[in-house]
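Read through the structure below, which is laid out as structure tokens, and then see the notes.
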Amino acid sequence: MIYDKLINKDTKLAVIGLGYVGLPIALEFAKKIKVIGFDINRERVQMMRNNIDPSNELSSEEFEGTDILFTSDIQDLKRATFYVIAVPTPIDESNLPDLKPLLSASKTVGKVLKKGDYVVYESTVYPGCTEEDCIPVLEKISGLKFNEDFKVGYSPERINPGDKVHTLQTIVKVVSGCDDESLEQIAKTYELVVDAGVHRAASIKVAEAAKIIENTQRDVNIALINELSIIFNRIGINTYDVLDAAGTKWNFLPFRPGLVGGHCIGVDPYYLTHKAKKTGYHAKVINSGRYVNDSMGFYIGKQTVKKILAQGKNIMDARVLVMGATFKEDVSDIRNSKVIDVIKELESFSVNVEVVDPHASSKELKHEYGFGLVDEPTGEYDAVIVAVNHKEYLDLDENYFKSIMPVDKGVLTDIKGIYKGKIKQLEYWSL
């Protein structure tokens, strides 16, 4: 059995894709069994060989005591018999699933696949993707027959970037296999590294669906709160005051308004609506939620412009500082950051925008979105938008914001409401 070979170190496990998901898994397995960590980015591979996590999530100590070979050479993968594919599954400009990284990884594994091997997918996909899109690629490239020659499973990642509490070891792992034997072998393998245990899903499609609805559920709930914040703003009441009051009921769900970006919540629902459309069903609630959340950045930008105009400023002469550019707090990841929509909306009014972020890379932002960072605030700003509640911003007070705004007037847009009740003199607005 493949599990026995792994724990006896007679064979190796390979992880393809060493980003936020793949690297932590590879390192945890490497504490128990022999591992090959494969990534197509040679620069990232070299960093990992030097015990550096390119994603800035793991410390150098996490690399210690591990039996792992980091490589970008496909020939090294031939020494493995258990393959874990953990590559990104983004969306394209039309919000349609972009399976290119996933299918490319499948081709890579297909080139080295042997009889008796296992392939487990961790990338978030729509139900049916593993069997309908990925397995045919494995068969075509390898010349082997699924089920007869090799086994396939699906075990969705549940890692939350920046979260040091809910980690690979502490979150129950959903696992699935193409038959009873593969399910058991895959489950036992993951039990090596997941202290919280595993849940054996009824099928690969069930496991795929379970993952996709986790983030879809959160997306729809946040969209409701975002829509309520728009309504409450028109009424003239603070959303957080309303949520604090409503939250005194035992079964009120504690969701908060905000920008919904990143490579999970802002992406996964589109995979599900794509699959639903293929079945002939138009997903109404999910699509509505996506529309609301995708429009929040533009809404925030426009509301800030209105506040500046209300203070008698010429908007074309206005300067705005945006604090935070990553998709969430205390991470360096800028993928699908909705802060970009806020900036675009401001720039559409010819506002002069500067951006600071202690975690983001100015070079990456310039490459991805066409703008870089300033090292620190420069001069006075007519408005400051605290877009991401990085830990570095949590203890700032009103005096700080007054020091970078005109003496007479200034607008503070606090998207996540972290300064609620602390701002008395500036024009203050939050979702």
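Quick note on naming: the chains in the structure tokens go A, B, ... in the order shown, residues restart at 1 in each chain, and ligands are numbered from 1 in order of appearance.
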Per-residue nearest contacts of stretch 84-120 of chain A to stretch 263-286 of chain A (8 Å; only C-alpha atoms) as a Markdown table:
```
| residue | atom | partner | partner_atom | distance |
| --- | --- | --- | --- | --- |
| A:Pro90 | CA | A:Val267 | CA | 6.7 |
| A:Ile91 | CA | A:Val267 | CA | 6.5 |
| A:Asn95 | CA | A:Tyr270 | CA | 6.4 |
| A:Leu96 | CA | A:Tyr270 | CA | 6.5 |
| A:Pro97 | CA | A:Tyr271 | CA | 5.7 |
```
Find the residues near A:Lys12: any atom within 12 Å, counting only C-alpha atoms, skip ones fewer than 5 places away on the same chain, and give them as a ChimeraX atom specification.
/A:2-7,26,29-30,32-37,67-69,76-84,117-118,189
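Closest to A:Glu139 among A:Lys306, A:Lys114, A:Arg158, A:Lys211 is A:Lys114, based on only C-alpha atoms.
Going from atom CA of A:Met316 to atom CA of A:Glu347 covers 9.5 Å.
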With DSSP run on the backbone, what are the strand (DSSP E) residues within stretch 205-405 of chain A? I'd like them as a PDB file with C-alpha atoms, in the first residue's frame.
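Resulting contents of result-v6.pdb:
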```pdb
ATOM      1  CA  ARG A 319      -4.799  64.640  -2.506  1.00  0.00           C
ATOM      2  CA  VAL A 320      -5.852  61.326  -0.954  1.00  0.00           C
ATOM      3  CA  LEU A 321      -3.730  58.850   0.976  1.00  0.00           C
ATOM      4  CA  VAL A 322      -4.782  55.193   0.842  1.00  0.00           C
ATOM      5  CA  MET A 323      -3.398  53.124   3.710  1.00  0.00           C
ATOM      6  CA  ASN A 352      -4.006  62.671  -6.776  1.00  0.00           C
ATOM      7  CA  VAL A 353      -3.661  59.347  -4.933  1.00  0.00           C
ATOM      8  CA  GLU A 354      -0.732  58.044  -2.901  1.00  0.00           C
ATOM      9  CA  VAL A 355      -0.598  54.594  -1.311  1.00  0.00           C
ATOM     10  CA  VAL A 356       1.324  53.219   1.668  1.00  0.00           C
ATOM     11  CA  ALA A 383      -8.695  62.625   2.783  1.00  0.00           C
ATOM     12  CA  VAL A 384      -7.157  59.494   4.207  1.00  0.00           C
ATOM     13  CA  ILE A 385      -8.673  56.076   3.485  1.00  0.00           C
ATOM     14  CA  VAL A 386      -7.671  53.319   5.895  1.00  0.00           C
TER      15      VAL A 386
END
```
Surrounding residues of A:Ile25 excluding itself and chain neighbours under 6 positions, 12 Å, only C-alpha atoms, as a PyMOL selection string:
chain A and resi 13-19+31-33+35-37+58+62-63+66+68+83-86+122+155-159+167-169+173+189-190+192-194
Please dump the current selection as a PDB file, in the first residue's frame; keep C-alpha atoms.
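out17.pdb, freshly written:
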```
ATOM      1  CA  LEU A  13       5.423  12.508  -1.776  1.00  0.00           C
ATOM      2  CA  ALA A  14       5.597  15.475  -4.158  1.00  0.00           C
ATOM      3  CA  VAL A  15       3.814  18.797  -3.780  1.00  0.00           C
ATOM      4  CA  ILE A  16       3.330  20.736  -7.008  1.00  0.00           C
ATOM      5  CA  GLY A  17       2.882  24.462  -6.373  1.00  0.00           C
ATOM      6  CA  LEU A  18       4.598  25.987  -3.338  1.00  0.00           C
ATOM      7  CA  GLY A  19       2.533  29.055  -2.545  1.00  0.00           C
ATOM      8  CA  LYS A  31       8.668  16.251   9.078  1.00  0.00           C
ATOM      9  CA  LYS A  32       7.287  12.713   8.751  1.00  0.00           C
ATOM     10  CA  ILE A  33       8.148  11.405   5.277  1.00  0.00           C
ATOM     11  CA  VAL A  35       9.040  15.080   0.181  1.00  0.00           C
ATOM     12  CA  ILE A  36       9.765  16.776  -3.129  1.00  0.00           C
ATOM     13  CA  GLY A  37       8.609  20.400  -3.336  1.00  0.00           C
ATOM     14  CA  LEU A  58       6.376  30.972   7.527  1.00  0.00           C
ATOM     15  CA  GLU A  62       9.531  26.010   9.976  1.00  0.00           C
ATOM     16  CA  PHE A  63      12.013  24.612   7.436  1.00  0.00           C
ATOM     17  CA  THR A  66      12.422  18.526   7.276  1.00  0.00           C
ATOM     18  CA  ILE A  68      12.519  17.926   1.510  1.00  0.00           C
ATOM     19  CA  TYR A  83       1.435  13.769  -5.935  1.00  0.00           C
ATOM     20  CA  VAL A  84      -0.358  16.707  -4.306  1.00  0.00           C
ATOM     21  CA  ILE A  85      -1.342  19.489  -6.712  1.00  0.00           C
ATOM     22  CA  ALA A  86      -1.802  22.832  -4.974  1.00  0.00           C
ATOM     23  CA  GLU A 122      -6.070  20.603  -3.404  1.00  0.00           C
ATOM     24  CA  SER A 155      -8.718  17.230  -0.583  1.00  0.00           C
ATOM     25  CA  PRO A 156      -9.496  20.957  -0.579  1.00  0.00           C
ATOM     26  CA  GLU A 157      -7.139  23.396   1.104  1.00  0.00           C
ATOM     27  CA  ARG A 158      -8.525  25.361   4.041  1.00  0.00           C
ATOM     28  CA  ILE A 159      -5.533  27.527   4.943  1.00  0.00           C
ATOM     29  CA  THR A 167      -3.631  26.151  10.436  1.00  0.00           C
ATOM     30  CA  LEU A 168      -3.164  22.932   8.479  1.00  0.00           C
ATOM     31  CA  GLN A 169      -2.779  20.961  11.706  1.00  0.00           C
ATOM     32  CA  LYS A 173      -9.233  18.023   6.486  1.00  0.00           C
ATOM     33  CA  THR A 189      -1.644   9.946   4.578  1.00  0.00           C
ATOM     34  CA  TYR A 190      -3.217  13.274   5.578  1.00  0.00           C
ATOM     35  CA  LEU A 192       0.067  12.131   9.407  1.00  0.00           C
ATOM     36  CA  VAL A 193      -0.005  15.936   9.454  1.00  0.00           C
ATOM     37  CA  VAL A 194      -3.533  16.993  10.452  1.00  0.00           C
TER      38      VAL A 194
END
```
Considering only C-alpha atoms, tabulate each residue of stretch 8-81 of chain A that lies at most 8 Å from stretch 328-341 of chain A along with its nearest interatomic pair and the corresponding distance in Å to one decimal; arrange the rows by chain and ascending residue number and present them as a tab-separated table.
```
residue	atom	partner	partner_atom	distance
A:Ser55	CA	A:Ser332	CA	7.0
A:Asn56	CA	A:Ser332	CA	7.0
A:Glu57	CA	A:Val331	CA	7.7
```
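All residues of stretch 232-288 of chain A that DSSP, run on the backbone, classes as helix (DSSP H, G or I) are A:Phe232, A:Asn233, A:Arg234, A:Ile235, A:Thr239, A:Tyr240, A:Asp241, A:Val242, A:Leu243, A:Asp244, A:Ala245, A:Ala246, A:Asp268, A:Pro269, A:Tyr270, A:Tyr271, A:Leu272, A:Thr273, A:His274, A:Lys275, A:Ala276, A:Lys277, A:Lys278, A:Lys284, A:Val285, A:Ile286, A:Asn287, A:Ser288.
Pairwise distance (atom CA of A:Leu259, atom CA of A:Pro406) equals 27.7 Å.
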